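Quick look at input.pdb (PDB, C-alpha atoms):
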```pdb
MODEL        1
ATOM      1  CA  MET A   1       0.000   0.000   0.000
ATOM      2  CA  ILE A   2       1.030   3.520  -0.678
ATOM      3  CA  SER A   3       0.181   5.925   2.057
ATOM      4  CA  VAL A   4      -0.292   9.476   0.942
ATOM      5  CA  ALA A   5       0.415  12.182   3.463
ATOM      6  CA  SER A   6      -2.743  14.064   4.271
ATOM      7  CA  GLY A   7      -3.527  17.025   6.415
ATOM      8  CA  PRO A   8      -2.150  20.507   6.210
ATOM      9  CA  ARG A   9       1.073  21.146   4.326
ATOM     10  CA  LYS A  10       2.403  24.029   2.302
ATOM     11  CA  LEU A  11       3.395  23.519  -1.297
ATOM     12  CA  ALA A  12       7.109  24.060  -1.728
ATOM     13  CA  TRP A  13       9.340  24.143  -4.792
ATOM     14  CA  ARG A  14      11.982  21.443  -4.952
ATOM     15  CA  ILE A  15      14.266  19.806  -7.466
ATOM     16  CA  GLY A  16      13.482  16.481  -9.109
ATOM     17  CA  GLU A  17      16.043  14.576 -11.144
ATOM     18  CA  VAL A  18      15.355  13.270 -14.626
ATOM     19  CA  VAL A  19      16.285   9.569 -14.488
ATOM     20  CA  GLU A  20      14.932   8.476 -17.869
ATOM     21  CA  THR A  21      13.332   9.948 -20.966
ATOM     22  CA  SER A  22      11.334   8.122 -23.565
ATOM     23  CA  PRO A  23       9.698   9.334 -26.769
ATOM     24  CA  ASP A  24       6.027   8.370 -26.973
ATOM     25  CA  THR A  25       4.948   9.770 -30.318
ATOM     26  CA  PRO A  26       6.498  12.245 -32.790
ATOM     27  CA  ARG A  27       5.249  15.169 -30.663
ATOM     28  CA  THR A  28       5.367  13.850 -27.125
ATOM     29  CA  LYS A  29       7.930  12.603 -24.682
ATOM     30  CA  SER A  30       7.799  11.090 -21.231
ATOM     31  CA  LEU A  31      10.130  12.313 -18.496
ATOM     32  CA  PHE A  32      10.679  10.018 -15.526
ATOM     33  CA  LEU A  33      11.606  11.849 -12.334
ATOM     34  CA  GLU A  34      12.982  10.943  -8.965
ATOM     35  CA  ILE A  35      11.872  13.533  -6.434
ATOM     36  CA  PRO A  36      13.589  13.551  -3.030
ATOM     37  CA  GLY A  37      11.063  13.307  -0.208
ATOM     38  CA  TRP A  38       8.172  12.631  -2.619
ATOM     39  CA  GLU A  39       5.190  11.769  -0.447
ATOM     40  CA  GLY A  40       3.287   9.919  -3.163
ATOM     41  CA  HIS A  41       0.382  11.073  -5.275
ATOM     42  CA  ARG A  42      -3.149  10.098  -6.241
ATOM     43  CA  ALA A  43      -3.932   9.171  -9.833
ATOM     44  CA  GLY A  44      -5.130  12.300 -11.633
ATOM     45  CA  GLN A  45      -3.047  14.846  -9.737
ATOM     46  CA  HIS A  46      -0.628  17.253 -11.414
ATOM     47  CA  ILE A  47       2.593  19.047 -10.632
ATOM     48  CA  ASP A  48       3.794  22.531 -11.490
ATOM     49  CA  VAL A  49       7.110  22.868 -13.318
ATOM     50  CA  ARG A  50       9.107  26.112 -13.246
ATOM     51  CA  LEU A  51      11.952  27.087 -15.542
ATOM     52  CA  THR A  52      14.190  30.049 -14.731
ATOM     53  CA  ALA A  53      16.219  31.800 -17.420
ATOM     54  CA  GLU A  54      19.670  33.256 -16.750
ATOM     55  CA  ASP A  55      18.155  36.737 -16.500
ATOM     56  CA  GLY A  56      15.734  35.545 -13.818
ATOM     57  CA  TYR A  57      12.666  35.292 -16.074
ATOM     58  CA  GLN A  58      10.466  32.446 -14.945
ATOM     59  CA  ALA A  59       7.877  30.397 -16.791
ATOM     60  CA  GLN A  60       5.599  27.940 -15.068
ATOM     61  CA  ARG A  61       3.362  25.174 -16.410
ATOM     62  CA  SER A  62       1.252  22.379 -14.982
ATOM     63  CA  TYR A  63       1.693  18.766 -16.083
ATOM     64  CA  SER A  64      -0.453  15.818 -15.107
ATOM     65  CA  ILE A  65       1.293  12.820 -13.626
ATOM     66  CA  ALA A  66       0.952   9.798 -15.944
ATOM     67  CA  SER A  67       2.473   7.189 -13.645
ATOM     68  CA  ALA A  68       0.572   5.210 -11.040
ATOM     69  CA  PRO A  69       1.189   5.978  -7.372
ATOM     70  CA  GLU A  70       2.635   2.462  -7.157
ATOM     71  CA  ASP A  71       5.317   3.156  -9.792
ATOM     72  CA  GLY A  72       8.837   3.904  -8.662
ATOM     73  CA  THR A  73       9.238   7.188 -10.505
ATOM     74  CA  VAL A  74       6.996  10.096 -11.428
ATOM     75  CA  GLU A  75       6.242  10.190 -15.160
ATOM     76  CA  LEU A  76       5.327  13.435 -16.879
ATOM     77  CA  LEU A  77       3.982  13.383 -20.412
ATOM     78  CA  VAL A  78       5.057  16.482 -22.316
ATOM     79  CA  GLU A  79       3.609  17.535 -25.655
ATOM     80  CA  ARG A  80       5.883  19.737 -27.714
ATOM     81  CA  LEU A  81       4.273  23.032 -28.674
ATOM     82  CA  ASP A  82       6.481  24.798 -31.201
ATOM     83  CA  ASP A  83       5.863  28.286 -29.817
ATOM     84  CA  GLY A  84       5.830  27.141 -26.183
ATOM     85  CA  GLU A  85       8.112  28.617 -23.547
ATOM     86  CA  VAL A  86       8.491  25.433 -21.553
ATOM     87  CA  SER A  87       7.630  22.319 -23.553
ATOM     88  CA  PRO A  88      10.420  22.567 -26.204
ATOM     89  CA  TYR A  89      12.978  22.614 -23.396
ATOM     90  CA  LEU A  90      11.392  19.567 -21.771
ATOM     91  CA  THR A  91      11.113  17.581 -25.007
ATOM     92  CA  ASP A  92      14.326  18.612 -26.766
ATOM     93  CA  GLU A  93      16.881  19.944 -24.291
ATOM     94  CA  ILE A  94      16.589  18.247 -20.936
ATOM     95  CA  ARG A  95      18.828  15.234 -20.349
ATOM     96  CA  VAL A  96      19.007  12.342 -17.914
ATOM     97  CA  GLY A  97      20.724  13.610 -14.773
ATOM     98  CA  ASP A  98      19.355  17.146 -15.128
ATOM     99  CA  GLY A  99      17.364  18.721 -12.314
ATOM    100  CA  LEU A 100      13.888  20.136 -12.777
ATOM    101  CA  GLU A 101      12.246  22.601 -10.397
ATOM    102  CA  LEU A 102       8.757  21.480  -9.466
ATOM    103  CA  ARG A 103       6.116  21.353  -6.767
ATOM    104  CA  GLY A 104       3.248  19.018  -6.034
ATOM    105  CA  PRO A 105       1.353  16.822  -6.068
ATOM    106  CA  ILE A 106      -1.506  19.277  -6.569
ATOM    107  CA  GLY A 107      -5.232  18.743  -6.722
ATOM    108  CA  GLY A 108      -7.606  16.352  -5.036
ATOM    109  CA  TRP A 109     -10.703  16.971  -7.150
ATOM    110  CA  PHE A 110      -9.671  15.396 -10.451
ATOM    111  CA  ALA A 111      -8.335  12.256  -8.794
ATOM    112  CA  TRP A 112      -9.380   8.644  -8.457
ATOM    113  CA  GLU A 113      -8.436   5.863  -6.085
ATOM    114  CA  ALA A 114      -9.290   2.248  -6.806
ATOM    115  CA  ARG A 115     -11.357   1.906  -3.638
ATOM    116  CA  GLU A 116     -13.741   4.607  -4.951
ATOM    117  CA  GLY A 117     -14.984   2.140  -7.576
ATOM    118  CA  GLY A 118     -16.931   3.106 -10.664
ATOM    119  CA  PRO A 119     -17.851   2.234 -13.316
ATOM    120  CA  LEU A 120     -15.394   4.673 -14.855
ATOM    121  CA  LEU A 121     -15.815   6.557 -18.092
ATOM    122  CA  LEU A 122     -12.550   8.142 -19.170
ATOM    123  CA  VAL A 123     -12.502  10.551 -22.104
ATOM    124  CA  ALA A 124      -9.199  11.915 -23.390
ATOM    125  CA  GLY A 125      -8.070  14.191 -26.170
ATOM    126  CA  GLY A 126      -4.404  13.940 -27.191
ATOM    127  CA  SER A 127      -2.016  14.360 -24.273
ATOM    128  CA  GLY A 128      -5.080  14.573 -22.012
ATOM    129  CA  ILE A 129      -4.515  10.836 -21.683
ATOM    130  CA  ALA A 130      -1.855  11.479 -19.008
ATOM    131  CA  PRO A 131      -3.951  11.668 -15.800
ATOM    132  CA  LEU A 132      -6.310   8.987 -17.127
ATOM    133  CA  MET A 133      -3.339   6.710 -17.821
ATOM    134  CA  ALA A 134      -2.356   7.169 -14.189
ATOM    135  CA  MET A 135      -5.833   5.932 -13.214
ATOM    136  CA  ILE A 136      -5.675   2.933 -15.578
ATOM    137  CA  ARG A 137      -2.191   1.997 -14.339
ATOM    138  CA  HIS A 138      -3.235   2.503 -10.714
ATOM    139  CA  ARG A 139      -6.276   0.273 -11.197
ATOM    140  CA  LYS A 140      -4.065  -2.514 -12.536
ATOM    141  CA  ALA A 141      -1.393  -2.079  -9.854
ATOM    142  CA  ALA A 142      -4.069  -2.206  -7.171
ATOM    143  CA  GLY A 143      -5.523  -5.419  -8.643
ATOM    144  CA  ASN A 144      -8.840  -3.623  -8.992
ATOM    145  CA  ASP A 145     -11.554  -4.775 -11.416
ATOM    146  CA  THR A 146     -13.693  -1.634 -11.673
ATOM    147  CA  PRO A 147     -15.178  -1.573 -15.198
ATOM    148  CA  VAL A 148     -13.463   1.113 -17.277
ATOM    149  CA  ARG A 149     -14.281   2.488 -20.685
ATOM    150  CA  LEU A 150     -11.754   4.819 -22.270
ATOM    151  CA  LEU A 151     -12.764   6.931 -25.250
ATOM    152  CA  TYR A 152      -9.592   8.395 -26.684
ATOM    153  CA  SER A 153      -9.464  11.019 -29.440
ATOM    154  CA  SER A 154      -6.186  11.421 -31.353
ATOM    155  CA  ARG A 155      -5.345  13.247 -34.546
ATOM    156  CA  SER A 156      -3.915  10.170 -36.250
ATOM    157  CA  TYR A 157      -2.980   6.569 -35.508
ATOM    158  CA  GLU A 158       0.692   7.512 -35.127
ATOM    159  CA  GLU A 159      -0.240  10.122 -32.521
ATOM    160  CA  ILE A 160      -2.049   7.738 -30.173
ATOM    161  CA  ILE A 161       0.020   8.097 -27.005
ATOM    162  CA  PHE A 162       0.657   4.910 -24.981
ATOM    163  CA  ARG A 163      -0.959   2.927 -27.823
ATOM    164  CA  GLU A 164       0.933  -0.325 -27.341
ATOM    165  CA  GLU A 165       0.612  -0.296 -23.561
ATOM    166  CA  LEU A 166      -3.123   0.369 -23.814
ATOM    167  CA  GLU A 167      -3.535  -2.479 -26.323
ATOM    168  CA  ALA A 168      -1.655  -4.869 -24.050
ATOM    169  CA  LEU A 169      -3.666  -3.848 -20.990
ATOM    170  CA  ALA A 170      -6.999  -4.247 -22.780
ATOM    171  CA  ALA A 171      -5.993  -7.628 -24.240
ATOM    172  CA  GLU A 172      -5.606  -9.145 -20.794
ATOM    173  CA  ASP A 173      -8.513  -7.415 -19.065
ATOM    174  CA  THR A 174     -12.112  -7.796 -20.192
ATOM    175  CA  ALA A 175     -13.253  -5.050 -17.802
ATOM    176  CA  LEU A 176     -11.088  -2.485 -19.623
ATOM    177  CA  GLU A 177     -12.517  -1.322 -22.944
ATOM    178  CA  ILE A 178     -10.673   1.128 -25.148
ATOM    179  CA  ILE A 179     -12.327   2.930 -28.015
ATOM    180  CA  HIS A 180     -10.289   5.183 -30.287
ATOM    181  CA  THR A 181     -11.403   7.936 -32.574
ATOM    182  CA  LEU A 182      -9.105   9.616 -35.084
ATOM    183  CA  THR A 183      -9.892  13.191 -36.030
ATOM    184  CA  ARG A 184      -7.588  13.747 -39.016
ATOM    185  CA  SER A 185      -5.998  10.889 -40.909
ATOM    186  CA  ALA A 186      -6.856   7.243 -40.410
ATOM    187  CA  PRO A 187      -4.931   4.243 -41.731
ATOM    188  CA  PRO A 188      -6.433   2.143 -44.553
ATOM    189  CA  LYS A 189      -9.044  -0.293 -43.276
ATOM    190  CA  TRP A 190      -9.448   1.681 -40.031
ATOM    191  CA  GLU A 191     -12.677   0.413 -38.522
ATOM    192  CA  GLY A 192     -12.862   2.710 -35.521
ATOM    193  CA  TYR A 193     -14.422   6.146 -35.276
ATOM    194  CA  HIS A 194     -13.035   8.794 -37.590
ATOM    195  CA  ARG A 195     -14.412  12.107 -36.360
ATOM    196  CA  ARG A 196     -14.421  14.392 -33.373
ATOM    197  CA  ILE A 197     -16.203  13.167 -30.258
ATOM    198  CA  ASP A 198     -19.882  14.108 -30.391
ATOM    199  CA  ALA A 199     -23.097  13.371 -28.496
ATOM    200  CA  GLU A 200     -23.930  10.395 -30.721
ATOM    201  CA  MET A 201     -20.559   8.771 -30.040
ATOM    202  CA  LEU A 202     -20.896   9.359 -26.305
ATOM    203  CA  ALA A 203     -24.404   7.892 -26.330
ATOM    204  CA  GLU A 204     -22.985   4.739 -27.940
ATOM    205  CA  ILE A 205     -20.026   4.414 -25.605
ATOM    206  CA  ALA A 206     -20.867   5.850 -22.196
ATOM    207  CA  PRO A 207     -22.373   3.538 -19.601
ATOM    208  CA  ALA A 208     -26.039   4.409 -19.047
ATOM    209  CA  ALA A 209     -26.562   7.313 -16.698
ATOM    210  CA  GLU A 210     -28.584   4.970 -14.443
ATOM    211  CA  GLU A 211     -25.393   3.009 -13.749
ATOM    212  CA  GLY A 212     -23.989   6.151 -12.142
ATOM    213  CA  PRO A 213     -20.595   6.115 -13.829
ATOM    214  CA  LEU A 214     -17.870   8.438 -12.658
ATOM    215  CA  ALA A 215     -16.523  10.368 -15.655
ATOM    216  CA  PHE A 216     -13.114  11.994 -16.003
ATOM    217  CA  VAL A 217     -12.585  14.167 -19.077
ATOM    218  CA  CYS A 218      -9.187  15.648 -19.955
ATOM    219  CA  GLY A 219      -7.921  17.412 -23.045
ATOM    220  CA  PRO A 220      -8.094  20.677 -24.943
ATOM    221  CA  THR A 221     -10.766  23.049 -23.652
ATOM    222  CA  PRO A 222     -13.202  22.714 -26.604
ATOM    223  CA  LEU A 223     -13.188  18.906 -26.355
ATOM    224  CA  VAL A 224     -13.662  18.950 -22.588
ATOM    225  CA  GLU A 225     -16.543  21.423 -22.739
ATOM    226  CA  THR A 226     -18.295  19.534 -25.544
ATOM    227  CA  VAL A 227     -17.995  16.197 -23.777
ATOM    228  CA  ALA A 228     -19.077  17.537 -20.371
ATOM    229  CA  THR A 229     -22.109  19.272 -21.881
ATOM    230  CA  ASP A 230     -23.090  16.195 -23.895
ATOM    231  CA  LEU A 231     -22.749  13.849 -20.918
ATOM    232  CA  VAL A 232     -24.992  16.046 -18.788
ATOM    233  CA  GLY A 233     -27.388  16.158 -21.740
ATOM    234  CA  LEU A 234     -27.431  12.339 -21.693
ATOM    235  CA  GLY A 235     -28.591  12.471 -18.088
ATOM    236  CA  HIS A 236     -25.290  12.091 -16.254
ATOM    237  CA  GLU A 237     -25.012  13.740 -12.854
ATOM    238  CA  PRO A 238     -22.936  16.941 -13.297
ATOM    239  CA  SER A 239     -21.082  16.337 -10.022
ATOM    240  CA  ARG A 240     -19.885  12.972 -11.405
ATOM    241  CA  VAL A 241     -18.415  14.501 -14.562
ATOM    242  CA  LYS A 242     -14.980  15.778 -13.596
ATOM    243  CA  THR A 243     -13.039  17.878 -16.046
ATOM    244  CA  GLU A 244      -9.463  19.014 -16.577
ATOM    245  CA  ARG A 245      -9.026  21.604 -19.322
ATOM    246  CA  PHE A 246      -5.629  22.228 -20.861
ATOM    247  CA  GLY A 247      -6.627  25.615 -22.158
ATOM    248  CA  PRO A 248      -5.925  26.708 -25.724
ATOM    249  CA  THR A 249      -2.226  25.981 -25.324
ATOM    250  CA  GLY A 250      -0.245  24.568 -22.465
ATOM    251  CA  GLY A 251       3.140  25.688 -23.635
TER     252      GLY A 251
ATOM    253  CA  MET B   1      -1.780  39.090 -21.878
ATOM    254  CA  ASP B   2      -3.342  35.687 -22.244
ATOM    255  CA  GLU B   3      -5.969  34.693 -19.750
ATOM    256  CA  HIS B   4      -6.902  31.028 -19.794
ATOM    257  CA  ARG B   5     -10.196  29.640 -18.589
ATOM    258  CA  LEU B   6      -9.371  26.406 -16.812
ATOM    259  CA  ASP B   7     -10.795  24.214 -14.087
ATOM    260  CA  GLY B   8     -10.525  25.178 -10.442
ATOM    261  CA  ASN B   9      -7.829  22.510 -10.277
ATOM    262  CA  ALA B  10      -5.494  24.917 -12.051
ATOM    263  CA  ALA B  11      -5.646  27.275  -9.079
ATOM    264  CA  GLY B  12      -4.388  24.507  -6.779
ATOM    265  CA  GLY B  13      -0.778  25.621  -7.112
ATOM    266  CA  ILE B  14      -1.085  29.291  -6.221
ATOM    267  CA  LEU B  15      -3.698  28.622  -3.516
ATOM    268  CA  GLY B  16      -1.339  25.983  -2.114
ATOM    269  CA  GLU B  17       1.245  28.739  -1.661
ATOM    270  CA  VAL B  18      -1.123  30.593   0.654
ATOM    271  CA  PHE B  19      -3.182  27.872   2.350
ATOM    272  CA  THR B  20      -1.869  24.748   4.051
ATOM    273  CA  PHE B  21      -4.967  22.734   3.069
ATOM    274  CA  GLU B  22      -5.621  21.066  -0.287
ATOM    275  CA  MET B  23      -7.762  23.750  -1.858
ATOM    276  CA  THR B  24      -9.219  21.959  -4.895
ATOM    277  CA  THR B  25     -11.349  19.836  -2.568
ATOM    278  CA  ALA B  26     -12.187  22.738  -0.218
ATOM    279  CA  ARG B  27     -15.878  23.583  -0.479
ATOM    280  CA  ALA B  28     -16.847  27.148  -1.168
ATOM    281  CA  ALA B  29     -20.242  28.794  -0.927
ATOM    282  CA  CYS B  30     -20.795  31.525  -3.486
ATOM    283  CA  ALA B  31     -21.669  34.828  -1.847
ATOM    284  CA  HIS B  32     -23.658  35.811  -4.948
ATOM    285  CA  CYS B  33     -25.840  32.811  -5.826
ATOM    286  CA  GLY B  34     -25.366  30.502  -2.855
ATOM    287  CA  ALA B  35     -24.111  27.541  -4.884
ATOM    288  CA  THR B  36     -21.693  25.327  -2.970
ATOM    289  CA  GLY B  37     -19.098  22.928  -4.290
ATOM    290  CA  PRO B  38     -15.443  22.006  -4.297
ATOM    291  CA  LEU B  39     -13.159  24.686  -5.724
ATOM    292  CA  GLY B  40     -11.895  22.060  -8.202
ATOM    293  CA  SER B  41     -15.302  22.102  -9.883
ATOM    294  CA  SER B  42     -15.336  25.876 -10.275
ATOM    295  CA  MET B  43     -13.605  27.805 -13.057
ATOM    296  CA  ALA B  44     -10.146  29.329 -12.822
ATOM    297  CA  TYR B  45      -8.886  32.207 -14.946
ATOM    298  CA  VAL B  46      -5.128  32.087 -14.840
ATOM    299  CA  SER B  47      -2.788  34.778 -16.105
ATOM    300  CA  GLU B  48       0.744  35.948 -15.414
ATOM    301  CA  ILE B  49      -0.411  38.425 -12.793
ATOM    302  CA  GLY B  50      -2.804  36.297 -10.851
ATOM    303  CA  THR B  51      -5.676  33.885 -10.670
ATOM    304  CA  VAL B  52      -9.408  34.410 -10.352
ATOM    305  CA  VAL B  53     -11.593  31.496  -9.246
ATOM    306  CA  ARG B  54     -15.171  31.915 -10.436
ATOM    307  CA  CYS B  55     -18.423  30.219  -9.476
ATOM    308  CA  ALA B  56     -19.366  27.634 -12.113
ATOM    309  CA  ALA B  57     -23.044  28.457 -11.651
ATOM    310  CA  CYS B  58     -23.094  32.278 -11.815
ATOM    311  CA  ASP B  59     -19.532  33.355 -12.760
ATOM    312  CA  ASN B  60     -19.145  35.441  -9.598
ATOM    313  CA  ALA B  61     -15.478  35.916  -8.640
ATOM    314  CA  LEU B  62     -15.090  33.711  -5.556
ATOM    315  CA  ILE B  63     -11.380  34.213  -4.930
ATOM    316  CA  ARG B  64      -8.827  36.542  -6.434
ATOM    317  CA  VAL B  65      -5.172  35.979  -5.667
ATOM    318  CA  VAL B  66      -2.264  38.028  -6.944
ATOM    319  CA  ARG B  67       1.394  37.364  -6.249
ATOM    320  CA  GLN B  68       4.149  39.934  -6.327
ATOM    321  CA  ASP B  69       7.141  38.246  -7.929
ATOM    322  CA  GLU B  70       9.730  40.946  -7.234
ATOM    323  CA  GLY B  71      11.321  41.081  -3.803
ATOM    324  CA  PRO B  72       9.949  39.211  -0.801
ATOM    325  CA  ALA B  73       6.861  37.038  -1.289
ATOM    326  CA  ARG B  74       3.736  39.146  -1.048
ATOM    327  CA  TYR B  75       0.168  38.133  -1.852
ATOM    328  CA  TRP B  76      -3.121  39.950  -2.226
ATOM    329  CA  LEU B  77      -6.075  37.731  -1.472
ATOM    330  CA  ASP B  78      -9.649  38.864  -2.126
ATOM    331  CA  LEU B  79     -12.256  36.512  -0.631
ATOM    332  CA  ARG B  80     -15.298  38.756  -0.935
ATOM    333  CA  GLY B  81     -16.979  36.342  -3.340
ATOM    334  CA  VAL B  82     -17.227  33.447  -0.888
ATOM    335  CA  GLU B  83     -19.741  33.190   1.919
ATOM    336  CA  TYR B  84     -17.486  30.614   3.538
ATOM    337  CA  LEU B  85     -14.736  28.097   2.796
ATOM    338  CA  GLN B  86     -14.797  24.613   4.306
ATOM    339  CA  LEU B  87     -11.271  23.223   4.666
ATOM    340  CA  GLU B  88     -10.286  19.711   5.649
TER     341      GLU B  88
ENDMDL
END
```
Can you turn what I pasted into structure tokens?
Amino acid sequence: MISVASGPRKLAWRIGEVVETSPDTPRTKSLFLEIPGWEGHRAGQHIDVRLTAEDGYQAQRSYSIASAPEDGTVELLVERLDDGEVSPYLTDEIRVGDGLELRGPIGGWFAWEAREGGPLLLVAGGSGIAPLMAMIRHRKAAGNDTPVRLLYSSRSYEEIIFREELEALAAEDTALEIIHTLTRSAPPKWEGYHRRIDAEMLAEIAPAAEEGPLAFVCGPTPLVETVATDLVGLGHEPSRVKTERFGPTGG
Amino acid sequence: MDEHRLDGNAAGGILGEVFTFEMTTARAACAHCGATGPLGSSMAYVSEIGTVVRCAACDNALIRVVRQDEGPARYWLDLRGVEYLQLE
């Protein structure tokens, strides 16, 4: 069991060390961090990262934690935004052994622990998969069999983050269903959805509102707002639809 | 200056600088419309100069927090928009 410190504490900046990096897709990279004194996290929480330039200018961004609490290191999934102030450094420049200033874990609202049960409906757009991946990995590590349906929107097949790991997890677990939709290009003979997520797709995929699923939606703001509105329109309890917007850019 | 409309979760960092409690699960009652809920389910408008947490039901500004980055740490915290905060 992982015990997570609770009760009052102040958030403080500290230095984590990059112990591994791994490319996920052409535009994303995972950074694995060891953070001295890390008190553990809950799946769905995020951390703040701060970069300081030589002239003292600081830029700060939030990144969801993609690893399970049970994993040995903290994994951040970073999407490279070409005009970003922070993400190009994290995807292109940072090396194993480098330090990274950060604070966290932050947030208890968009978080899930296996003992909370479900069923779970997870909806992700692009790198919005990160906190939901933490939940899926946590569920497996905890030996939990809560039914999970993941609806995952990516631009193309090549840009499906964690694709192979998700396939492997679903192949061995009948309670984990993964449905992809591709919004731009799809490979020949693609039989999955090939459009943006809409109310019709959610009606086909989401567990019935009467089952009282707990929904977590993470991705770009327009996707999150569309999905949240459509789920409430399908009769889902608004307080059980939890959202995490990236904003227009995350940088 | 860009101002991004995000979830109340996004205010967790700056509020965590001021409060010792986890603030995204703190319940707030809106002083304007009376709606209550966790701050994580409200809206946060985040910019370089500060953060405004707004009621998801009526858009009333619940909490404004501004940080002075130059010199010693100094915060301005405006809580007029909340009837109360429940911390645990």
Subject >> Resolved residues for the PyMOL selection byres ((chain B and resi 39) around 12) as an MDAnalysis selection string >> reply: (chainID A and resid 107:110) or (chainID B and resid 6:12 15 22:30 35:38 40:44 52:56 61:63 82 84:87)
**OP:** For range 193-199 of chain A, work out the shell of residues within 10 Å, counting only C-alpha atoms and skipping chain neighbours fewer than 3 positions away, then give it as a ChimeraX atom specification.
**Re:** /A:123-125,151-156,179-186,190,202-205,223-224,226-231,233-234
**OP:** Dump as a VMD selection string all residues having an atom at most 12 Å from (8.6, 30.3, -16.2), computed in the file's coordinates with all atoms listed in the file.
**Re:** (chain A and resid 48 to 62 84 to 87 89 100 to 102 251) or (chain B and resid 48 69)
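Minimum atom-to-atom distances from A:Phe246, A:Tyr157, A:Trp112, A:Phe216 to chain B were compared using all atoms listed in the file, and the lowest value belongs to A:Phe246.
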**OP:** List the neighbours of Leu166 in chain A out to 8 Å using all atoms listed in the file; skip same-chain residues closer than 4 positions along the sequence, and give me the result as a ChimeraX atom specification.
**Re:** /A:162,170,178
Original post:
How many Å separate CA of Arg64 in chain B from CA of Asp78 in chain B?
Top reply: 5.0 Å
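Taking CA of Phe32 in chain A and CA of Leu132 in chain A as the two end points, the separation is 17.1 Å.
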Subject >> Selected residue, from A:Leu11, A:Ala68, A:Val96, A:Ala142, that lies nearest to chain B when counting only C-alpha atoms >> reply: A:Leu11
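Between CA of Thr243 in chain A and CA of Thr174 in chain A lies a distance of 26.0 Å.
With only C-alpha atoms as the basis for measurement, A:Gly104 is the residue among A:Gly37, A:Gly104, A:Gly126, A:Pro187 that approaches chain B most closely.
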Original post:
For chain A, which residue out of B:Pro72, B:Arg67, B:His32, B:Glu88 is the nearest one, using all atoms listed in the file?
Top reply: B:Glu88
Subject >> Chain and number of each residue from the PyMOL selection byres ((chain A and resi 138) around 8), as a PyMOL selection string >> reply: chain A and resi 43+67-70+113-114+134-137+139-142
**OP:** Name every residue that the PyMOL selection byres ((chain A and resi 207) around 10) selects in this structure, writing the answer as a PyMOL selection string with chains first and numbers rising.
**Re:** chain A and resi 119-121+147-149+202-206+208-215+236
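Of the listed residues B:Gly13, B:Ile49, B:Leu77, B:Val65, the one whose atoms come nearest to chain A is B:Gly13, with distances taken using only C-alpha atoms.
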Original post:
For chain B, which residue out of A:Gly117, A:Pro220, A:Pro26, A:Gly235 is the nearest one, using all atoms listed in the file?
Top reply: A:Pro220
Original post:
Excluding same-chain residues fewer than 5 positions from Gly97 in chain A, what lies within 9 Å of it counting all atoms listed in the file, as JSON, numbers by chain?
Top reply: {"A": [17, 18, 19, 20]}
